[in-house]
There are 4 protein chains.
Amino acid sequence: MIVIMQADATKEQIGEVEGALQEWGYEIHPIYGVERTVIAAVGAPTQDEARVAEQVESLPSVERAVLILKPYRFASKEFRPEKSQVKVGDVVIGDNSFVMMAGPCTVESEEQLMTAARAVKAGGATVLRGGAFKPSTSPYSFQGMGEDGLKLLAQAREETGLPIITEVMHVGNIDLVCKYADILQIGTRNMQNYDLLIEVGKVKKPVMLKRGMSAKIEEWLQAAEYIIKGGNDAVMLCERGVRTSETYTRNTLDLSAVLAVRELSHLPVIIDPSQGTGRSSMVPAMCKAAAAVGADGVLVEVHPNPEKALKDGAQSITIPAFEKLMPELRAVVEAVGRYM
Amino acid sequence: MIVIMQADATKEQIGEVEGALQEWGYEIHPIYGVERTVIAAVGAPTQDEARVAEQVESLPSVERAVLILKPYRFASKEFRPEKSQVKVGDVVIGDNSFVMMAGPCTVESEEQLMTAARAVKAGGATVLRGGAFKPSTSPYSFQGMGEDGLKLLAQAREETGLPIITEVMHVGNIDLVCKYADILQIGTRNMQNYDLLIEVGKVKKPVMLKRGMSAKIEEWLQAAEYIIKGGNDAVMLCERGVRTSETYTRNTLDLSAVLAVRELSHLPVIIDPSQGTGRSSMVPAMCKAAAAVGADGVLVEVHPNPEKALKDGAQSITIPAFEKLMPELRAVVEAVGRYM
Amino acid sequence: MIVIMQADATKEQIGEVEGALQEWGYEIHPIYGVERTVIAAVGAPTQDEARVAEQVESLPSVERAVLILKPYRFASKEFRPEKSQVKVGDVVIGDNSFVMMAGPCTVESEEQLMTAARAVKAGGATVLRGGAFKPSTSPYSFQGMGEDGLKLLAQAREETGLPIITEVMHVGNIDLVCKYADILQIGTRNMQNYDLLIEVGKVKKPVMLKRGMSAKIEEWLQAAEYIIKGGNDAVMLCERGVRTSETYTRNTLDLSAVLAVRELSHLPVIIDPSQGTGRSSMVPAMCKAAAAVGADGVLVEVHPNPEKALKDGAQSITIPAFEKLMPELRAVVEAVGRYM
Amino acid sequence: MIVIMQADATKEQIGEVEGALQEWGYEIHPIYGVERTVIAAVGAPTQDEARVAEQVESLPSVERAVLILKPYRFASKEFRPEKSQVKVGDVVIGDNSFVMMAGPCTVESEEQLMTAARAVKAGGATVLRGGAFKPSTSPYSFQGMGEDGLKLLAQAREETGLPIITEVMHVGNIDLVCKYADILQIGTRNMQNYDLLIEVGKVKKPVMLKRGMSAKIEEWLQAAEYIIKGGNDAVMLCERGVRTSETYTRNTLDLSAVLAVRELSHLPVIIDPSQGTGRSSMVPAMCKAAAAVGADGVLVEVHPNPEKALKDGAQSITIPAFEKLMPELRAVVEAVGRYM
């Protein structure tokens, strides 16, 4: 940690801060500059410098404290330089392949799900997505079919052989969801639902952690740290757009997040262009961009007839659109030296 | 709902949309303009127009659908024109009084809490705040004392007579927190933790719902709707700052949110200047601004020695600062015709 | 325009608004719903409905007014359905080609510029970028070489045959810049410098208009409208990232802006990954993503030795990095059916 | 400047960076920590560390560089600890008074202006606002009356004795505006129009610099630095709201900006609640909040009949609303120990 003192800090105040830092176990290296004093504090074996930094900043003579250590460990590239891989049956996320996870936003009926499942399987998807428990901004919106939805997903896996990714919202039904799902999805609204993060850290299923609506990369990695620290290192991240003042798109999809995570961490990154744009018309092109930037896969909403969807119809692509997309996407994937 | 068609929409496509709207139970009023057709759809008795609007927007010939009905009911001013009041013992939130809720961010020890509790009581606070379960961005940060913290809070209430407000994070320990708390606080990270909202909707304790880090007023009111719809109408809101690109302050405190809620809803609004700015130096002035703008109270972090705080030291004011603030704040409260 | 009345609007107030709308030349279609009245106002031949809408909204009985007409005309897809092309010598921006505009952020010396110019020419760039007048957040930063920089750019064009794109900041030196430049660049800070937009609307040179730091697509297109309306329709847009709360990247590059502009306008779109990310390490991958999403080209900062750059060294790639990028980028360009 | 090396930086790379820093004139203090090396670089007499920091960050072995010196000098509190005062006739901005600047957004006619001017004078305003040149997002909006508007403002000053604040948009008509205005206003879109900042730095009139739509405090102070450095130190700042994802208000008014500027600078700060909220219903309460937080005054749009305003009707208050506001505002001003 680097402590930058106020320009008008007195000798006494500087000594006070130096003392406090030593109390916290730091070895200090003060630099008495012309304009102000800076104190480099090193060697305190703590993962929680952030807290100490805050306390230091509460001292009136301190201008600010700059952290040097990253606030996460197991999720960091320093802990594990090579990219980690998450395996789900024969599907590997994080190797040189590009994974297509596709299916309806929400499971609505056997017919709707099976139609979508067969179509995405035929088109080349390797993971089937579908929500049984759905977070909704409005309490009056459809909240999902619950266990019946999970059963339909299991039936679709049965028939298509595709592993299932579905959202878990409640600590109370982690076991239930685990009974049916192959990958647990944590939604954007729950990225900092620590209770939930801690509990999925105890299960033996891969977890896909979506980025919070306005979360910084560093906060996202700390949320992942909760899960890994808990004992579950089969974690992948999912970028789904951040909030901006733009209103034409539902969110602003941040593809540079793929690169930021590569530079800071070893975790695979999936892109969700459906939620990331909120417009089905943009989904195919954003899938190609996701492949070009180096993401490990995409999560795409496909619906037999979006205009009848019980949720997020506006961002779901049709089956013909999906069939048109796949070969185009494969061309980009191969152009960057990967395969699908 | 108003449906705006694409400029190039054909007669057939317009007919198709009209048909769909009628199927959904709307009475339609098409206006065939020169540049484009607009269809006013009224009378469908649904609280979930948002979903229907999305489906309509998924039709290729539709440019966009504009909602007319508000996506919340019980939280709306139309449902209840006069401001609602939340009663906690003798304390009323939402009448003509201005409430000071003060205390440490987090309960750390008997001495720390009791010192703070006595000081804020003496200074004129009418509610004691203190966290026993604390959400932390980092899994390595202090997470609170848990039930021991709750017990200390109860002891502080015993001695000071101040009702207690404390955060509930986990569905699993709502009962536990209810055993000790007088007001349940839902934190910013949990504003859309629907599982938690639904459960606190079933309890018989007042709830203070903090605004999500980047939540819109409308989403905030929909989150409140979850609680009220569940049967608990003792809800107050708490503005705690939103995310912007500014880095000097931790968040940007949105005082206009008080006015926006007044125009849309009947729920009382509390301001949290500690979290809202992240800087103790700004807390006193922002408390006065909160009173001037018409908030129903403030939630202030007070710590006997912030530089030793286990959490959020940088945003906690000292006891002398609190004692200096109170009379200054009272003057502003009275200047706007309220009292404390 | 659709006018949504307050739920409690009286018959008189409704009549008042109807009268006002008719005064403004609208033909009105009131719909008296159960919950509230909605008035569709059509047929007023104005490009400035936004202003009228504001006035309507200032009436106490009005909840809000929703615009139907787009606030721009010449920049709209309705005005010109097919994509427009901007020609600069043999270079065409907006056809099926993908344009690489590369060079130093700022012209610093003959050697620096010529070295970069030769390298990007050899690597396959078709336009040379370089700043002679540079906007700087700090008045103490290097502001560019001015006319000497322009002369060096002309010399580089002489030798390499590459047309020049360079920024014009001041109305006062539009003529000077036009004397040397082939394409005028309007920077992000000047997107709403209307004085400048109006003046470049009068020149006979292509203009590249960068998106404002937090501008909405609609505002960006209105800024372009200023130029086109002035008589200069050789306009291309440049997405360079928007402000978010993320701090790891300098800005958040919004690739969906390419798609949004396609849906609303006919103007070509260039992507600036250097400014868009602020990190040279991210530039190559973002160039590929730009090609995959369907942009018409990229604007890339290339510097012989970035660590000696007088501006923006952190976001400039080296010549070897540029040479490595080009074939990789070409592969993606061809994968989406375009060429470079 | 503090340079934080990558964890895997080699001895050679560290030496390279040390050498580079010394070349730039820094005295270096390396701290070889366990996890990584940190180099404190002090003593280089430069106001432009930002640029150097960028170059350092472009070195592959460097993680980041942290600035210690502020990127502005004349605008800083360190340069001038006591608050500066701007005098306009008998009006002082920045002393213990609270200034009310009121009038129409835009001058529309003699009757409109004179009616407003007489009313705000009678109500107790001490500065008259009114726009003659208006920036408009749309080229089809009213752009102001130009010099005729300025003449009307001069006439209003003649009659009421109120000094005039009006916006200057174009370098080309600074002289013209100076001929009539007492205070020059730089609008939010021009905060980084450096050409304009440099020119107003040469005039002998007070300048009010509005904050850019998404500008950080530090960028705002650097913009002010351009003006002061140019020789004009009669500068006041104006907070007018920043962009967020909230749509109910036009902008999010950041009252903490007043406190941030106090901590970093000596410049007075005015609040613009009209532009800051975009809703006339919120203006009175936000004026009181501005007074309570310690602003030096407010800039309020008052219009004889807002529903007929040619610009920004929705955010202008009526004359009766202004008359009602003044005594209420005075009560808050006095409650915080100031006067108006």
# chains A, B, ... in the order shown; residues from 1 in each chain; ligands from 1

$ closest_atom_pairs --of "chain C" --to "chain D" --cutoff "6 Å" --atoms "only C-alpha atoms" --output "tab-separated table"
residue	atom	partner	partner_atom	distance
C:Asp48	CA	D:Tyr140	CA	5.6
C:Glu54	CA	D:Ala314	CA	5.4
C:Gln55	CA	D:Glu307	CA	4.6
C:Glu57	CA	D:Ala314	CA	5.7
C:Ser58	CA	D:Ala314	CA	4.1
C:Ser138	CA	D:Gln222	CA	5.6
C:Pro139	CA	D:Tyr226	CA	5.5
C:Tyr140	CA	D:Asp48	CA	5.6
C:Ser141	CA	D:Asp48	CA	5.8
C:Arg189	CA	D:Gln192	CA	5.9
C:Gln192	CA	D:Arg189	CA	5.9
C:Gln222	CA	D:Ser138	CA	5.7
C:Tyr226	CA	D:Pro139	CA	5.5
C:Glu307	CA	D:Gln55	CA	4.6
C:Gly313	CA	D:Gln55	CA	5.0
C:Ala314	CA	D:Ser58	CA	4.2

$ write_last_selection --atoms "N, CA and C atoms" --output "tab-separated table (two decimals), in the first residue's frame"
chain	number	residue	atom	x	y	z
C	48	ASP	N	-38.86	19.95	-35.18
C	48	ASP	CA	-38.47	20.28	-33.82
C	48	ASP	C	-39.53	19.92	-32.80
C	54	GLU	N	-41.37	19.45	-24.96
C	54	GLU	CA	-40.94	20.03	-23.68
C	54	GLU	C	-41.97	21.01	-23.15
C	55	GLN	N	-42.51	21.79	-24.06
C	55	GLN	CA	-43.50	22.77	-23.62
C	55	GLN	C	-44.74	22.06	-23.11
C	57	GLU	N	-44.85	19.16	-21.84
C	57	GLU	CA	-44.54	18.56	-20.54
C	57	GLU	C	-44.51	19.58	-19.42
C	58	SER	N	-44.38	20.84	-19.78
C	58	SER	CA	-44.37	21.85	-18.71
C	58	SER	C	-45.78	22.15	-18.22
C	138	SER	N	-5.30	18.62	-19.81
C	138	SER	CA	-4.45	19.53	-19.05
C	138	SER	C	-3.85	20.61	-19.94
C	139	PRO	N	-3.87	21.86	-19.48
C	139	PRO	CA	-3.26	22.94	-20.27
C	139	PRO	C	-1.75	22.82	-20.33
C	140	TYR	N	-1.21	21.91	-19.52
C	140	TYR	CA	0.24	21.75	-19.48
C	140	TYR	C	0.71	20.62	-20.39
C	141	SER	N	-0.23	19.93	-21.01
C	141	SER	CA	0.15	18.84	-21.91
C	141	SER	C	0.53	19.37	-23.28
C	189	ARG	N	-14.64	15.64	-27.62
C	189	ARG	CA	-14.98	16.81	-26.81
C	189	ARG	C	-15.72	17.87	-27.62
C	192	GLN	N	-20.42	18.27	-29.67
C	192	GLN	CA	-21.51	19.24	-29.56
C	192	GLN	C	-21.00	20.67	-29.57
C	222	GLN	N	-27.81	13.63	-34.34
C	222	GLN	CA	-28.22	15.04	-34.47
C	222	GLN	C	-27.01	15.94	-34.70
C	226	TYR	N	-26.24	18.41	-38.10
C	226	TYR	CA	-25.74	19.78	-38.24
C	226	TYR	C	-24.83	19.91	-39.46
C	307	GLU	N	6.73	4.28	-25.68
C	307	GLU	CA	7.17	4.77	-24.36
C	307	GLU	C	7.83	6.15	-24.46
C	313	GLY	N	0.78	7.40	-25.13
C	313	GLY	CA	1.66	6.25	-25.37
C	313	GLY	C	1.02	4.94	-24.96
C	314	ALA	N	0.28	4.97	-23.86
C	314	ALA	CA	-0.29	3.74	-23.31
C	314	ALA	C	-1.28	3.06	-24.26

$ select_by_dssp --residues "stretch 46-221 of chain D" --states "alpha helix (DSSP H)" --output "ChimeraX atom specification"
/D:49-57,110-123,147-160,174-180,194-200,217-221

$ residues_around --residues "D:Arg338" --least-positions-apart "2" --cutoff "8 Å" --atoms "only C-alpha atoms" --output "ChimeraX atom specification"
/D:96-98,333-336,340

$ write_last_selection --atoms "N, CA, C and O atoms" --output "compact mmCIF listing (two decimals), in the first residue's frame"
# COMPACT_ATOMS: atom_id res chain seq x y z
N ASN D 96 -19.76 35.31 2.06
CA ASN D 96 -20.75 34.63 2.89
C ASN D 96 -22.18 34.78 2.38
O ASN D 96 -23.14 34.32 2.99
N SER D 97 -22.33 35.44 1.25
CA SER D 97 -23.69 35.61 0.71
C SER D 97 -24.07 34.42 -0.17
O SER D 97 -23.21 33.63 -0.57
N PHE D 98 -25.36 34.28 -0.42
CA PHE D 98 -25.86 33.24 -1.33
C PHE D 98 -26.54 33.97 -2.48
O PHE D 98 -27.47 34.76 -2.25
N VAL D 333 -30.91 29.52 3.80
CA VAL D 333 -29.63 30.23 3.70
C VAL D 333 -29.22 30.74 5.08
O VAL D 333 -28.08 30.56 5.52
N GLU D 334 -30.18 31.32 5.79
CA GLU D 334 -29.86 31.86 7.12
C GLU D 334 -29.62 30.74 8.13
O GLU D 334 -28.78 30.87 9.02
N ALA D 335 -30.29 29.63 7.94
CA ALA D 335 -30.09 28.51 8.87
C ALA D 335 -28.67 27.97 8.80
O ALA D 335 -28.17 27.39 9.76
N VAL D 336 -28.00 28.16 7.66
CA VAL D 336 -26.61 27.70 7.57
C VAL D 336 -25.63 28.87 7.76
O VAL D 336 -24.45 28.78 7.40
N MET D 340 -28.78 36.33 2.11
CA MET D 340 -29.06 36.72 0.72
C MET D 340 -30.00 37.90 0.71
O MET D 340 -30.59 38.22 1.72

$ closest_residue --among "C:Leu176, C:Tyr248, C:Arg36, C:Glu108" --to "D:Glu63" --atoms "only C-alpha atoms"
C:Tyr248

$ select_by_dssp --residues "stretch 94-230 of chain B" --states "strand (DSSP E)" --output "ChimeraX atom specification"
/B:99-103,127-129,164-167,183-186,207-210

$ write_last_selection --atoms "C-alpha atoms" --output "compact mmCIF listing (two decimals), in the first residue's frame"
# COMPACT_ATOMS: atom_id res chain seq x y z
CA VAL B 99 -35.43 11.23 11.76
CA MET B 100 -31.77 10.79 12.65
CA MET B 101 -30.68 7.14 12.49
CA ALA B 102 -27.10 6.95 13.69
CA GLY B 103 -24.53 4.50 14.93
CA VAL B 127 -32.94 5.23 15.93
CA LEU B 128 -29.71 3.26 16.42
CA ARG B 129 -28.04 1.75 13.38
CA ILE B 164 -32.61 -0.77 16.21
CA ILE B 165 -32.14 -0.84 12.44
CA THR B 166 -29.86 -3.55 11.09
CA GLU B 167 -29.30 -5.33 7.79
CA ILE B 183 -36.34 -2.23 11.38
CA LEU B 184 -34.91 -4.59 8.75
CA GLN B 185 -32.51 -3.02 6.27
CA ILE B 186 -32.14 -4.43 2.76
CA VAL B 207 -38.29 -2.60 6.15
CA MET B 208 -35.87 0.00 4.79
CA LEU B 209 -35.04 -0.78 1.16
CA LYS B 210 -31.82 0.73 -0.17

$ residues_around --residues "B:Asp272" --least-positions-apart "5" --cutoff "6 Å" --atoms "only C-alpha atoms" --output "compact mmCIF listing (two decimals) with C-alpha atoms, in the first residue's frame"
# COMPACT_ATOMS: atom_id res chain seq x y z
CA ARG B 240 -27.45 5.80 -0.91
CA VAL B 298 -30.86 10.39 7.41
CA LEU B 299 -28.83 7.29 8.20

$ residues_around --residues "C:Ser61" --least-positions-apart "3" --cutoff "10 Å" --atoms "only C-alpha atoms" --output "ChimeraX atom specification"
/C:4-10,12-14,16-17,56-58,64

$ atom_distance --atom1 "atom CA of D:Val235" --atom2 "atom CA of D:Glu301"
21.4 Å

$ closest_residue --among "C:Ala289, C:Met1, C:Met114, C:Ala41" --to "A:Val258" --atoms "only C-alpha atoms"
C:Ala289

$ atom_distance --atom1 "atom CA of A:Ile228" --atom2 "atom CA of A:Lys205"
11.9 Å
